[in-house]
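Engineer: Okay, here's the structure, questions in a sec.
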Number of protein chains: 2
Amino acid sequence: MTERREGEVELTTDPAGLPPDGHVVFIGRIRSPWTSREECPRNMAQARERAAPASVEVAPDYRPGLAGLEGASHVAILTWLNRSARNLIVQKPRHALHPKGVFALRSPARPNPIGLHVTRLTGLDIGAGILTLDAMDVLDGTPVIDIKPYYASTDSVPEATVSKSE
Amino acid sequence: MTERREGEVELTTDPAGLPPDGHVVFIGRIRSPWTSREECPRNMAQARERAAPASVEVAPDYRPGLAGLEGASHVAILTWLNRSARNLIVQKPRHALHPKGVFALRSPARPNPIGLHVTRLTGLDIGAGILTLDAMDVLDGTPVIDIKPYYASTDSVPEATVSKSE
């Protein structure tokens, strides 16, 4: 591992150059109002504050996989954040006091660049492959690799805490 | 797409055989009490009922990425469910009334076989790369591809609903 800046640490071997353990296929794309990193919200809380709806466009082959999703009020969407570095194992986010390990952060720069976004499903057109969402915190065109119904019984933990001082 | 059984539908082209749009690397493995599909809980609710702790073993290169995770009470773990078919776009789960699209199900058989598991973090040994979890609903040895701190502010939606009749 080599030092980067301000306590950041790179992996010796970049996961982007490692032999694949598995491969992903893109099932669709995010359509969002955000076309530059500067304007893109940094998380779903910021995205909701902007009150800008977004959507997922599901590729034709995968649209039959949406049948029954009209019964879900919320979905968990997994995106593939392929513009981000994969080798930053310790990172110092802007405005953070101390560097942190990547697995203690929601940074898009991760060994496997997968984003997890919990959103409200405000509309569904299965024939057109369009899911309308209340908000989204990634750039327009970001690939989507999975969509899951959100179950409050197992996915919602209102009492969960993350210490700010760590 | 070709019909399978009981309303199930296969994709014409199996994602397992498509050219990769991206690749994943395994950052660790789940250690769980479950060594056969028959005994493995079908979801996190069932896993919690069995009151059997589990853990994640993070591979040595990725252990520095755990720094700071001690501040999180809960984590979202992404697993790679590589024993499952990737071409079942419409599925009829056992005990379900009607077939459903894969994106309306939490089935491990998905175009990208990624599992999402929200768990309580009951212990953390960064040097040994061990996260102790309250429960886990996948087989022992299942590869792990990401670990994220769980934020109640954006990840918890207690009022989310999924209609049973759909």
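Note on naming: chains are A, B, ... as they come in the structure tokens, residues start from 1 per chain, ligands start from 1 in the order shown.
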For the structure I just gave you, how does DSSP split stretch 10-131 of chain B - specifically, which residues are helix (DSSP H, G or I)? Reply as a PyMOL selection string.

Structural biologist: chain B and resi 15-17+44-49+60-66+69-71+102-104

Engineer: For chain A, report every residue with an atom at most 7 Å from chain B (counting only C-alpha atoms), formatted as an mmCIF file with all heavy atoms, in the first residue's frame.

Structural biologist:
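Output (result-v2.cif):
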```
data_model
loop_
_atom_site.group_PDB
_atom_site.id
_atom_site.type_symbol
_atom_site.label_atom_id
_atom_site.label_comp_id
_atom_site.auth_asym_id
_atom_site.auth_seq_id
_atom_site.Cartn_x
_atom_site.Cartn_y
_atom_site.Cartn_z
ATOM 1 N N PRO A 15 -8.022 -3.203 -7.647
ATOM 2 C CA PRO A 15 -9.050 -4.192 -8.022
ATOM 3 C C PRO A 15 -9.484 -4.084 -9.484
ATOM 4 O O PRO A 15 -9.893 -5.079 -10.081
ATOM 5 C CB PRO A 15 -10.207 -3.855 -7.074
ATOM 6 C CG PRO A 15 -9.550 -3.247 -5.884
ATOM 7 C CD PRO A 15 -8.375 -2.457 -6.431
ATOM 8 N N PRO A 20 -11.128 -11.040 -12.753
ATOM 9 C CA PRO A 20 -12.499 -10.993 -12.218
ATOM 10 C C PRO A 20 -12.835 -12.239 -11.390
ATOM 11 O O PRO A 20 -12.479 -13.355 -11.774
ATOM 12 C CB PRO A 20 -13.374 -10.958 -13.474
ATOM 13 C CG PRO A 20 -12.468 -10.571 -14.589
ATOM 14 C CD PRO A 20 -11.098 -11.056 -14.222
ATOM 15 N N ASP A 21 -13.508 -12.028 -10.261
ATOM 16 C CA ASP A 21 -14.124 -13.138 -9.531
ATOM 17 C C ASP A 21 -15.559 -13.358 -10.000
ATOM 18 O O ASP A 21 -16.162 -14.392 -9.711
ATOM 19 C CB ASP A 21 -14.119 -12.847 -8.028
ATOM 20 C CG ASP A 21 -12.725 -12.920 -7.422
ATOM 21 O OD1 ASP A 21 -11.968 -13.830 -7.775
ATOM 22 O OD2 ASP A 21 -12.402 -12.053 -6.585
ATOM 23 N N GLY A 22 -16.113 -12.360 -10.663
ATOM 24 C CA GLY A 22 -17.470 -12.439 -11.187
ATOM 25 C C GLY A 22 -17.704 -11.246 -12.086
ATOM 26 O O GLY A 22 -16.927 -10.285 -12.045
ATOM 27 N N HIS A 23 -18.739 -11.296 -12.916
ATOM 28 C CA HIS A 23 -18.988 -10.149 -13.789
ATOM 29 C C HIS A 23 -20.424 -9.666 -13.664
ATOM 30 O O HIS A 23 -21.331 -10.426 -13.355
ATOM 31 C CB HIS A 23 -18.637 -10.459 -15.248
ATOM 32 C CG HIS A 23 -19.669 -11.255 -15.985
ATOM 33 N ND1 HIS A 23 -19.699 -12.632 -15.987
ATOM 34 C CD2 HIS A 23 -20.714 -10.878 -16.763
ATOM 35 C CE1 HIS A 23 -20.712 -13.053 -16.725
ATOM 36 N NE2 HIS A 23 -21.352 -12.013 -17.210
ATOM 37 N N VAL A 24 -20.576 -8.352 -13.891
ATOM 38 C CA VAL A 24 -21.909 -7.766 -13.867
ATOM 39 C C VAL A 24 -22.330 -7.369 -15.273
ATOM 40 O O VAL A 24 -21.500 -7.109 -16.145
ATOM 41 C CB VAL A 24 -21.989 -6.519 -12.947
ATOM 42 C CG1 VAL A 24 -21.661 -6.891 -11.503
ATOM 43 C CG2 VAL A 24 -21.106 -5.399 -13.441
ATOM 44 N N VAL A 25 -23.657 -7.360 -15.474
ATOM 45 C CA VAL A 25 -24.235 -6.825 -16.707
ATOM 46 C C VAL A 25 -25.129 -5.650 -16.322
ATOM 47 O O VAL A 25 -25.753 -5.657 -15.259
ATOM 48 C CB VAL A 25 -25.045 -7.901 -17.480
ATOM 49 C CG1 VAL A 25 -24.124 -9.015 -17.966
ATOM 50 C CG2 VAL A 25 -26.170 -8.475 -16.636
ATOM 51 N N PHE A 26 -25.179 -4.663 -17.165
ATOM 52 C CA PHE A 26 -26.021 -3.500 -16.887
ATOM 53 C C PHE A 26 -27.453 -3.838 -17.311
ATOM 54 O O PHE A 26 -27.689 -4.263 -18.437
ATOM 55 C CB PHE A 26 -25.527 -2.269 -17.642
ATOM 56 C CG PHE A 26 -24.129 -1.832 -17.254
ATOM 57 C CD1 PHE A 26 -23.384 -1.004 -18.091
ATOM 58 C CD2 PHE A 26 -23.555 -2.241 -16.053
ATOM 59 C CE1 PHE A 26 -22.095 -0.602 -17.737
ATOM 60 C CE2 PHE A 26 -22.264 -1.842 -15.686
ATOM 61 C CZ PHE A 26 -21.539 -1.019 -16.543
ATOM 62 N N MET A 44 -28.460 10.592 -0.555
ATOM 63 C CA MET A 44 -29.896 10.615 -0.822
ATOM 64 C C MET A 44 -30.599 11.700 -0.011
ATOM 65 O O MET A 44 -31.632 12.220 -0.452
ATOM 66 C CB MET A 44 -30.505 9.242 -0.538
ATOM 67 C CG MET A 44 -30.178 8.197 -1.585
ATOM 68 S SD MET A 44 -30.754 8.636 -3.271
ATOM 69 C CE MET A 44 -32.530 8.505 -3.069
ATOM 70 N N ALA A 45 -30.071 12.061 1.151
ATOM 71 C CA ALA A 45 -30.698 13.138 1.934
ATOM 72 C C ALA A 45 -30.616 14.452 1.156
ATOM 73 O O ALA A 45 -31.609 15.176 1.028
ATOM 74 C CB ALA A 45 -30.004 13.257 3.295
ATOM 75 N N TYR A 62 -34.914 -6.944 -19.937
ATOM 76 C CA TYR A 62 -35.108 -7.121 -18.497
ATOM 77 C C TYR A 62 -36.452 -6.605 -17.989
ATOM 78 O O TYR A 62 -36.770 -6.747 -16.814
ATOM 79 C CB TYR A 62 -33.950 -6.460 -17.739
ATOM 80 C CG TYR A 62 -32.608 -7.091 -18.056
ATOM 81 C CD1 TYR A 62 -31.698 -6.472 -18.907
ATOM 82 C CD2 TYR A 62 -32.275 -8.341 -17.542
ATOM 83 C CE1 TYR A 62 -30.482 -7.070 -19.223
ATOM 84 C CE2 TYR A 62 -31.072 -8.951 -17.842
ATOM 85 C CZ TYR A 62 -30.173 -8.305 -18.690
ATOM 86 O OH TYR A 62 -28.981 -8.909 -19.003
ATOM 87 N N PRO A 64 -39.589 -7.639 -18.345
ATOM 88 C CA PRO A 64 -40.519 -8.580 -17.699
ATOM 89 C C PRO A 64 -40.180 -8.817 -16.225
ATOM 90 O O PRO A 64 -41.038 -9.248 -15.454
ATOM 91 C CB PRO A 64 -40.342 -9.874 -18.517
ATOM 92 C CG PRO A 64 -39.836 -9.412 -19.850
ATOM 93 C CD PRO A 64 -38.968 -8.217 -19.561
ATOM 94 N N GLY A 65 -38.956 -8.511 -15.825
ATOM 95 C CA GLY A 65 -38.543 -8.671 -14.434
ATOM 96 C C GLY A 65 -39.166 -7.669 -13.498
ATOM 97 O O GLY A 65 -39.026 -7.776 -12.278
ATOM 98 N N LEU A 66 -39.894 -6.675 -14.054
ATOM 99 C CA LEU A 66 -40.543 -5.648 -13.219
ATOM 100 C C LEU A 66 -41.951 -6.049 -12.790
ATOM 101 O O LEU A 66 -42.553 -5.373 -11.934
ATOM 102 C CB LEU A 66 -40.608 -4.313 -13.982
ATOM 103 C CG LEU A 66 -39.263 -3.700 -14.370
ATOM 104 C CD1 LEU A 66 -39.464 -2.515 -15.323
ATOM 105 C CD2 LEU A 66 -38.497 -3.253 -13.119
ATOM 106 N N ALA A 67 -42.484 -7.140 -13.327
ATOM 107 C CA ALA A 67 -43.869 -7.537 -13.027
ATOM 108 C C ALA A 67 -44.050 -7.786 -11.540
ATOM 109 O O ALA A 67 -43.311 -8.566 -10.940
ATOM 110 C CB ALA A 67 -44.231 -8.795 -13.823
ATOM 111 N N GLY A 68 -45.011 -7.113 -10.946
ATOM 112 C CA GLY A 68 -45.291 -7.273 -9.523
ATOM 113 C C GLY A 68 -44.662 -6.185 -8.670
ATOM 114 O O GLY A 68 -45.015 -6.045 -7.493
ATOM 115 N N LEU A 69 -43.752 -5.416 -9.250
ATOM 116 C CA LEU A 69 -43.092 -4.374 -8.459
ATOM 117 C C LEU A 69 -44.039 -3.229 -8.114
ATOM 118 O O LEU A 69 -43.774 -2.441 -7.194
ATOM 119 C CB LEU A 69 -41.852 -3.857 -9.203
ATOM 120 C CG LEU A 69 -40.864 -3.007 -8.404
ATOM 121 C CD1 LEU A 69 -40.323 -3.771 -7.202
ATOM 122 C CD2 LEU A 69 -39.711 -2.535 -9.275
ATOM 123 N N GLY A 71 -46.484 -3.399 -6.455
ATOM 124 C CA GLY A 71 -46.911 -3.575 -5.078
ATOM 125 C C GLY A 71 -45.962 -2.986 -4.040
ATOM 126 O O GLY A 71 -46.274 -2.956 -2.855
ATOM 127 N N ALA A 72 -44.785 -2.505 -4.474
ATOM 128 C CA ALA A 72 -43.773 -2.000 -3.524
ATOM 129 C C ALA A 72 -43.810 -0.483 -3.458
ATOM 130 O O ALA A 72 -43.818 0.185 -4.490
ATOM 131 C CB ALA A 72 -42.380 -2.470 -3.934
ATOM 132 N N SER A 73 -43.812 0.062 -2.241
ATOM 133 C CA SER A 73 -43.775 1.516 -2.099
ATOM 134 C C SER A 73 -42.355 2.060 -2.263
ATOM 135 O O SER A 73 -42.166 3.196 -2.683
ATOM 136 C CB SER A 73 -44.315 1.924 -0.727
ATOM 137 O OG SER A 73 -43.434 1.522 0.315
ATOM 138 N N HIS A 74 -41.374 1.239 -1.947
ATOM 139 C CA HIS A 74 -39.976 1.660 -1.994
ATOM 140 C C HIS A 74 -39.119 0.546 -2.617
ATOM 141 O O HIS A 74 -39.473 -0.628 -2.543
ATOM 142 C CB HIS A 74 -39.448 1.965 -0.593
ATOM 143 C CG HIS A 74 -40.048 3.202 0.024
ATOM 144 N ND1 HIS A 74 -41.352 3.240 0.471
ATOM 145 C CD2 HIS A 74 -39.539 4.444 0.238
ATOM 146 C CE1 HIS A 74 -41.615 4.452 0.951
ATOM 147 N NE2 HIS A 74 -40.537 5.201 0.816
ATOM 148 N N ILE A 89 -8.259 2.419 -0.352
ATOM 149 C CA ILE A 89 -8.757 1.607 0.771
ATOM 150 C C ILE A 89 -8.986 2.448 2.026
ATOM 151 O O ILE A 89 -9.853 2.132 2.836
ATOM 152 C CB ILE A 89 -7.797 0.415 1.022
ATOM 153 C CG1 ILE A 89 -8.431 -0.620 1.927
ATOM 154 C CG2 ILE A 89 -6.440 0.876 1.519
ATOM 155 C CD1 ILE A 89 -9.525 -1.427 1.291
ATOM 156 N N VAL A 90 -8.230 3.543 2.190
ATOM 157 C CA VAL A 90 -8.469 4.524 3.259
ATOM 158 C C VAL A 90 -8.629 5.883 2.604
ATOM 159 O O VAL A 90 -7.818 6.257 1.752
ATOM 160 C CB VAL A 90 -7.317 4.544 4.295
ATOM 161 C CG1 VAL A 90 -7.553 5.629 5.345
ATOM 162 C CG2 VAL A 90 -7.169 3.183 4.964
ATOM 163 N N LYS A 100 -10.828 7.559 6.924
ATOM 164 C CA LYS A 100 -11.591 6.373 7.330
ATOM 165 C C LYS A 100 -11.411 5.281 6.282
ATOM 166 O O LYS A 100 -11.177 5.570 5.100
ATOM 167 C CB LYS A 100 -13.086 6.705 7.395
ATOM 168 C CG LYS A 100 -13.586 7.201 8.719
ATOM 169 C CD LYS A 100 -15.113 7.214 8.711
ATOM 170 C CE LYS A 100 -15.680 7.655 10.041
ATOM 171 N NZ LYS A 100 -17.146 7.648 10.025
ATOM 172 N N GLY A 101 -11.582 4.048 6.713
ATOM 173 C CA GLY A 101 -11.596 2.937 5.780
ATOM 174 C C GLY A 101 -12.794 3.028 4.851
ATOM 175 O O GLY A 101 -13.846 3.559 5.230
ATOM 176 N N VAL A 102 -12.635 2.525 3.639
ATOM 177 C CA VAL A 102 -13.699 2.627 2.637
ATOM 178 C C VAL A 102 -14.989 1.942 3.094
ATOM 179 O O VAL A 102 -16.088 2.390 2.732
ATOM 180 C CB VAL A 102 -13.213 2.060 1.280
ATOM 181 C CG1 VAL A 102 -12.891 0.575 1.379
ATOM 182 C CG2 VAL A 102 -14.225 2.310 0.187
ATOM 183 N N PHE A 103 -14.861 0.894 3.922
ATOM 184 C CA PHE A 103 -16.067 0.172 4.340
ATOM 185 C C PHE A 103 -16.804 0.879 5.479
ATOM 186 O O PHE A 103 -17.864 0.430 5.906
ATOM 187 C CB PHE A 103 -15.728 -1.272 4.700
ATOM 188 C CG PHE A 103 -15.059 -2.008 3.574
ATOM 189 C CD1 PHE A 103 -13.833 -2.640 3.761
ATOM 190 C CD2 PHE A 103 -15.630 -2.043 2.312
ATOM 191 C CE1 PHE A 103 -13.209 -3.309 2.716
ATOM 192 C CE2 PHE A 103 -15.008 -2.697 1.255
ATOM 193 C CZ PHE A 103 -13.786 -3.333 1.454
ATOM 194 N N ALA A 104 -16.216 1.981 5.967
ATOM 195 C CA ALA A 104 -16.903 2.838 6.933
ATOM 196 C C ALA A 104 -17.458 4.086 6.250
ATOM 197 O O ALA A 104 -17.926 5.004 6.918
ATOM 198 C CB ALA A 104 -15.941 3.228 8.057
ATOM 199 N N LEU A 105 -17.400 4.117 4.931
ATOM 200 C CA LEU A 105 -17.854 5.265 4.138
ATOM 201 C C LEU A 105 -18.839 4.818 3.067
ATOM 202 O O LEU A 105 -18.835 3.661 2.651
ATOM 203 C CB LEU A 105 -16.655 5.932 3.437
ATOM 204 C CG LEU A 105 -15.589 6.578 4.328
ATOM 205 C CD1 LEU A 105 -14.348 6.908 3.522
ATOM 206 C CD2 LEU A 105 -16.151 7.837 4.979
ATOM 207 N N ARG A 106 -19.633 5.780 2.571
ATOM 208 C CA ARG A 106 -20.519 5.497 1.437
ATOM 209 C C ARG A 106 -19.933 6.082 0.142
ATOM 210 O O ARG A 106 -20.645 6.233 -0.853
ATOM 211 C CB ARG A 106 -21.910 6.064 1.711
ATOM 212 C CG ARG A 106 -22.625 5.338 2.844
ATOM 213 C CD ARG A 106 -23.008 3.900 2.503
ATOM 214 N NE ARG A 106 -24.187 3.840 1.713
ATOM 215 C CZ ARG A 106 -25.398 3.524 2.157
ATOM 216 N NH1 ARG A 106 -25.558 3.193 3.426
ATOM 217 N NH2 ARG A 106 -26.422 3.509 1.354
ATOM 218 N N ASN A 112 -15.359 -2.626 -5.161
ATOM 219 C CA ASN A 112 -16.429 -2.900 -6.120
ATOM 220 C C ASN A 112 -17.350 -1.681 -6.114
ATOM 221 O O ASN A 112 -18.017 -1.418 -5.111
ATOM 222 C CB ASN A 112 -17.191 -4.170 -5.735
ATOM 223 C CG ASN A 112 -16.317 -5.400 -5.845
ATOM 224 O OD1 ASN A 112 -15.840 -5.740 -6.926
ATOM 225 N ND2 ASN A 112 -16.084 -6.063 -4.719
ATOM 226 N N VAL A 118 -31.818 3.795 -1.483
ATOM 227 C CA VAL A 118 -33.190 3.464 -1.093
ATOM 228 C C VAL A 118 -34.077 4.622 -1.527
ATOM 229 O O VAL A 118 -33.871 5.762 -1.083
ATOM 230 C CB VAL A 118 -33.275 3.227 0.427
ATOM 231 C CG1 VAL A 118 -34.727 3.037 0.853
ATOM 232 C CG2 VAL A 118 -32.435 2.016 0.821
ATOM 233 N N ILE A 145 -27.486 -2.092 -11.863
ATOM 234 C CA ILE A 145 -27.226 -3.531 -11.919
ATOM 235 C C ILE A 145 -28.261 -4.370 -11.163
ATOM 236 O O ILE A 145 -28.321 -5.579 -11.367
ATOM 237 C CB ILE A 145 -25.793 -3.886 -11.454
ATOM 238 C CG1 ILE A 145 -25.539 -3.403 -10.028
ATOM 239 C CG2 ILE A 145 -24.754 -3.276 -12.413
ATOM 240 C CD1 ILE A 145 -24.186 -3.893 -9.455
ATOM 241 N N ASP A 146 -29.069 -3.734 -10.308
ATOM 242 C CA ASP A 146 -30.121 -4.511 -9.642
ATOM 243 C C ASP A 146 -31.179 -3.565 -9.082
ATOM 244 O O ASP A 146 -30.890 -2.404 -8.780
ATOM 245 C CB ASP A 146 -29.549 -5.370 -8.502
ATOM 246 C CG ASP A 146 -30.400 -6.605 -8.181
ATOM 247 O OD1 ASP A 146 -31.430 -6.835 -8.846
ATOM 248 O OD2 ASP A 146 -30.019 -7.356 -7.252
ATOM 249 N N ILE A 147 -32.387 -4.108 -8.960
ATOM 250 C CA ILE A 147 -33.523 -3.431 -8.336
ATOM 251 C C ILE A 147 -34.165 -4.460 -7.421
ATOM 252 O O ILE A 147 -34.424 -5.587 -7.849
ATOM 253 C CB ILE A 147 -34.555 -2.964 -9.395
ATOM 254 C CG1 ILE A 147 -33.913 -1.993 -10.397
ATOM 255 C CG2 ILE A 147 -35.778 -2.332 -8.723
ATOM 256 C CD1 ILE A 147 -34.737 -1.802 -11.670
ATOM 257 N N LYS A 148 -34.409 -4.065 -6.159
ATOM 258 C CA LYS A 148 -35.009 -4.997 -5.200
ATOM 259 C C LYS A 148 -36.165 -4.312 -4.484
ATOM 260 O O LYS A 148 -36.060 -3.130 -4.134
ATOM 261 C CB LYS A 148 -33.981 -5.402 -4.126
ATOM 262 C CG LYS A 148 -32.755 -6.145 -4.640
ATOM 263 C CD LYS A 148 -31.782 -6.414 -3.494
ATOM 264 C CE LYS A 148 -30.453 -6.958 -3.978
ATOM 265 N NZ LYS A 148 -30.517 -8.297 -4.570
ATOM 266 N N PRO A 149 -37.237 -5.058 -4.197
ATOM 267 C CA PRO A 149 -38.285 -4.480 -3.351
ATOM 268 C C PRO A 149 -37.724 -4.271 -1.950
ATOM 269 O O PRO A 149 -36.937 -5.083 -1.455
ATOM 270 C CB PRO A 149 -39.380 -5.549 -3.352
ATOM 271 C CG PRO A 149 -38.655 -6.833 -3.612
ATOM 272 C CD PRO A 149 -37.497 -6.476 -4.510
ATOM 273 N N TYR A 151 -38.128 -4.138 1.969
ATOM 274 C CA TYR A 151 -38.985 -4.669 3.036
ATOM 275 C C TYR A 151 -38.644 -3.993 4.360
ATOM 276 O O TYR A 151 -37.526 -4.154 4.874
ATOM 277 C CB TYR A 151 -38.789 -6.178 3.172
ATOM 278 C CG TYR A 151 -39.491 -6.964 2.099
ATOM 279 C CD1 TYR A 151 -38.874 -7.257 0.890
ATOM 280 C CD2 TYR A 151 -40.803 -7.399 2.280
ATOM 281 C CE1 TYR A 151 -39.529 -7.961 -0.111
ATOM 282 C CE2 TYR A 151 -41.465 -8.109 1.296
ATOM 283 C CZ TYR A 151 -40.829 -8.381 0.104
ATOM 284 O OH TYR A 151 -41.487 -9.079 -0.883
ATOM 285 N N ALA A 152 -39.623 -3.258 4.907
ATOM 286 C CA ALA A 152 -39.368 -2.598 6.189
ATOM 287 C C ALA A 152 -38.982 -3.612 7.265
ATOM 288 O O ALA A 152 -38.151 -3.332 8.126
ATOM 289 C CB ALA A 152 -40.607 -1.804 6.627
ATOM 290 N N THR A 154 -37.113 -6.193 7.276
ATOM 291 C CA THR A 154 -35.706 -6.610 7.349
ATOM 292 C C THR A 154 -34.736 -5.504 6.937
ATOM 293 O O THR A 154 -33.562 -5.554 7.301
ATOM 294 C CB THR A 154 -35.445 -7.835 6.448
ATOM 295 O OG1 THR A 154 -35.955 -7.559 5.138
ATOM 296 C CG2 THR A 154 -36.130 -9.066 6.988
ATOM 297 N N ASP A 155 -35.186 -4.524 6.166
ATOM 298 C CA ASP A 155 -34.271 -3.499 5.643
ATOM 299 C C ASP A 155 -34.290 -2.205 6.450
ATOM 300 O O ASP A 155 -33.387 -1.377 6.303
ATOM 301 C CB ASP A 155 -34.633 -3.169 4.192
ATOM 302 C CG ASP A 155 -34.525 -4.382 3.279
ATOM 303 O OD1 ASP A 155 -33.574 -5.158 3.460
ATOM 304 O OD2 ASP A 155 -35.390 -4.552 2.402
ATOM 305 N N SER A 156 -35.337 -2.010 7.264
ATOM 306 C CA SER A 156 -35.461 -0.744 7.988
ATOM 307 C C SER A 156 -35.021 -0.910 9.442
ATOM 308 O O SER A 156 -35.566 -1.748 10.169
ATOM 309 C CB SER A 156 -36.920 -0.257 7.944
ATOM 310 O OG SER A 156 -37.054 0.926 8.706
ATOM 311 N N VAL A 157 -34.038 -0.130 9.855
ATOM 312 C CA VAL A 157 -33.549 -0.148 11.236
ATOM 313 C C VAL A 157 -33.495 1.300 11.717
ATOM 314 O O VAL A 157 -32.456 1.957 11.645
ATOM 315 C CB VAL A 157 -32.152 -0.799 11.345
ATOM 316 C CG1 VAL A 157 -31.746 -0.935 12.811
ATOM 317 C CG2 VAL A 157 -32.096 -2.147 10.651
ATOM 318 N N PRO A 158 -34.643 1.835 12.190
ATOM 319 C CA PRO A 158 -34.692 3.256 12.557
ATOM 320 C C PRO A 158 -33.712 3.615 13.667
ATOM 321 O O PRO A 158 -33.261 4.757 13.746
ATOM 322 C CB PRO A 158 -36.140 3.459 13.028
ATOM 323 C CG PRO A 158 -36.903 2.268 12.572
ATOM 324 C CD PRO A 158 -35.933 1.165 12.361
ATOM 325 N N GLU A 159 -33.384 2.652 14.534
ATOM 326 C CA GLU A 159 -32.528 2.955 15.689
ATOM 327 C C GLU A 159 -31.038 2.836 15.369
ATOM 328 O O GLU A 159 -30.195 3.040 16.248
ATOM 329 C CB GLU A 159 -32.890 2.028 16.857
ATOM 330 C CG GLU A 159 -32.464 0.569 16.705
ATOM 331 C CD GLU A 159 -33.470 -0.287 15.968
ATOM 332 O OE1 GLU A 159 -34.348 0.277 15.251
ATOM 333 O OE2 GLU A 159 -33.398 -1.533 16.082
ATOM 334 N N ALA A 160 -30.696 2.528 14.131
ATOM 335 C CA ALA A 160 -29.275 2.382 13.760
ATOM 336 C C ALA A 160 -28.547 3.709 13.935
ATOM 337 O O ALA A 160 -29.104 4.779 13.637
ATOM 338 C CB ALA A 160 -29.153 1.904 12.321
ATOM 339 N N THR A 161 -27.313 3.639 14.394
ATOM 340 C CA THR A 161 -26.529 4.853 14.620
ATOM 341 C C THR A 161 -25.142 4.712 13.991
ATOM 342 O O THR A 161 -24.602 3.608 13.876
ATOM 343 C CB THR A 161 -26.340 5.133 16.123
ATOM 344 O OG1 THR A 161 -25.775 3.965 16.731
ATOM 345 C CG2 THR A 161 -27.659 5.470 16.787
ATOM 346 N N VAL A 162 -24.594 5.852 13.552
ATOM 347 C CA VAL A 162 -23.208 5.915 13.105
ATOM 348 C C VAL A 162 -22.562 7.057 13.879
ATOM 349 O O VAL A 162 -23.028 8.188 13.835
ATOM 350 C CB VAL A 162 -23.096 6.171 11.594
ATOM 351 C CG1 VAL A 162 -21.633 6.303 11.189
ATOM 352 C CG2 VAL A 162 -23.763 5.048 10.798
ATOM 353 N N SER A 163 -21.510 6.731 14.630
ATOM 354 C CA SER A 163 -20.832 7.736 15.448
ATOM 355 C C SER A 163 -20.113 8.741 14.547
ATOM 356 O O SER A 163 -19.383 8.360 13.642
ATOM 357 C CB SER A 163 -19.822 7.044 16.368
ATOM 358 O OG SER A 163 -18.892 7.966 16.844
ATOM 359 N N GLU A 166 -16.004 9.022 15.140
ATOM 360 C CA GLU A 166 -15.058 7.959 14.743
ATOM 361 C C GLU A 166 -14.345 8.343 13.459
ATOM 362 O O GLU A 166 -14.907 8.929 12.588
ATOM 363 C CB GLU A 166 -15.805 6.631 14.537
ATOM 364 C CG GLU A 166 -16.486 6.124 15.770
ATOM 365 C CD GLU A 166 -15.514 5.653 16.847
ATOM 366 O OE1 GLU A 166 -14.322 5.520 16.547
ATOM 367 O OE2 GLU A 166 -15.953 5.444 17.976
#
```

Engineer: Got a sec to tell me which of chain A DSSP assigns to strand (DSSP E or B), as number ranges by chain?

Structural biologist: A: 2-3, 9-10, 22-24, 28-31, 54-58, 72, 74-80, 88-91, 100-101, 114-125, 130-133, 143-149, 162

Engineer: If we count only C-alpha atoms and set the cut-off at 7 Å, which residues sit around A:Thr122, ignoring sequence neighbours fewer than 2 positions away in its own chain? Please answer as a list in words.

Structural biologist: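 Result of the neighbour search: Arg120, Thr132, Leu133 and Asp134 of chain A.
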
Engineer: To one decimal in Å, tell me the separation between atom CA of B:Glu57 and atom CA of B:Ile130.

Structural biologist: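 These two atoms are separated by 4.9 Å.
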
Engineer: Can you tell me, as a list of chain:residue names, what residues are no more than 9 Å from B:Ile30 when counting only C-alpha atoms, ignoring any on the same chain fewer than 5 positions away?

Structural biologist: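 Counting only the stated atoms, we get B:Ala54, B:Ser55, B:Val56, B:Glu57, B:Val58, B:Thr79, B:Met136, B:Val138, B:Leu139, B:Asp140, B:Gly141, B:Thr142, B:Pro143, B:Val144.
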
Engineer: For those residues, write N, CA and C atoms to a file as a short mmCIF file (atom, residue, chain, number, x, y, z; two decimals), in the first residue's frame.

Structural biologist:
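File out_21.cif, as written:
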```
data_model
loop_
_atom_site.label_atom_id
_atom_site.label_comp_id
_atom_site.auth_asym_id
_atom_site.auth_seq_id
_atom_site.Cartn_x
_atom_site.Cartn_y
_atom_site.Cartn_z
N ALA B 54 -23.22 -14.90 13.02
CA ALA B 54 -22.42 -15.20 11.84
C ALA B 54 -21.31 -14.16 11.78
N SER B 55 -20.48 -14.24 10.76
CA SER B 55 -19.42 -13.24 10.66
C SER B 55 -19.01 -13.05 9.21
N VAL B 56 -18.25 -11.99 8.99
CA VAL B 56 -17.59 -11.78 7.70
C VAL B 56 -16.09 -11.89 7.96
N GLU B 57 -15.38 -12.65 7.14
CA GLU B 57 -13.92 -12.67 7.16
C GLU B 57 -13.43 -11.85 5.98
N VAL B 58 -12.80 -10.71 6.27
CA VAL B 58 -12.31 -9.84 5.21
C VAL B 58 -10.88 -10.25 4.85
N THR B 79 -23.48 -9.48 -0.93
CA THR B 79 -22.86 -10.79 -1.21
C THR B 79 -23.01 -11.13 -2.68
N MET B 136 -27.28 -14.04 9.69
CA MET B 136 -27.01 -13.99 8.24
C MET B 136 -27.79 -15.11 7.55
N VAL B 138 -27.29 -16.48 4.43
CA VAL B 138 -26.65 -17.14 3.28
C VAL B 138 -25.73 -18.25 3.76
N LEU B 139 -25.36 -19.12 2.84
CA LEU B 139 -24.52 -20.28 3.14
C LEU B 139 -23.12 -19.87 3.59
N ASP B 140 -22.53 -20.69 4.44
CA ASP B 140 -21.13 -20.52 4.84
C ASP B 140 -20.24 -20.50 3.59
N GLY B 141 -19.35 -19.53 3.55
CA GLY B 141 -18.42 -19.44 2.42
C GLY B 141 -18.87 -18.50 1.31
N THR B 142 -20.08 -17.96 1.40
CA THR B 142 -20.58 -17.05 0.35
C THR B 142 -19.65 -15.84 0.22
N PRO B 143 -19.24 -15.50 -1.00
CA PRO B 143 -18.36 -14.34 -1.18
C PRO B 143 -19.05 -13.03 -0.83
N VAL B 144 -18.25 -12.11 -0.29
CA VAL B 144 -18.71 -10.75 0.04
C VAL B 144 -18.04 -9.79 -0.93
#
```
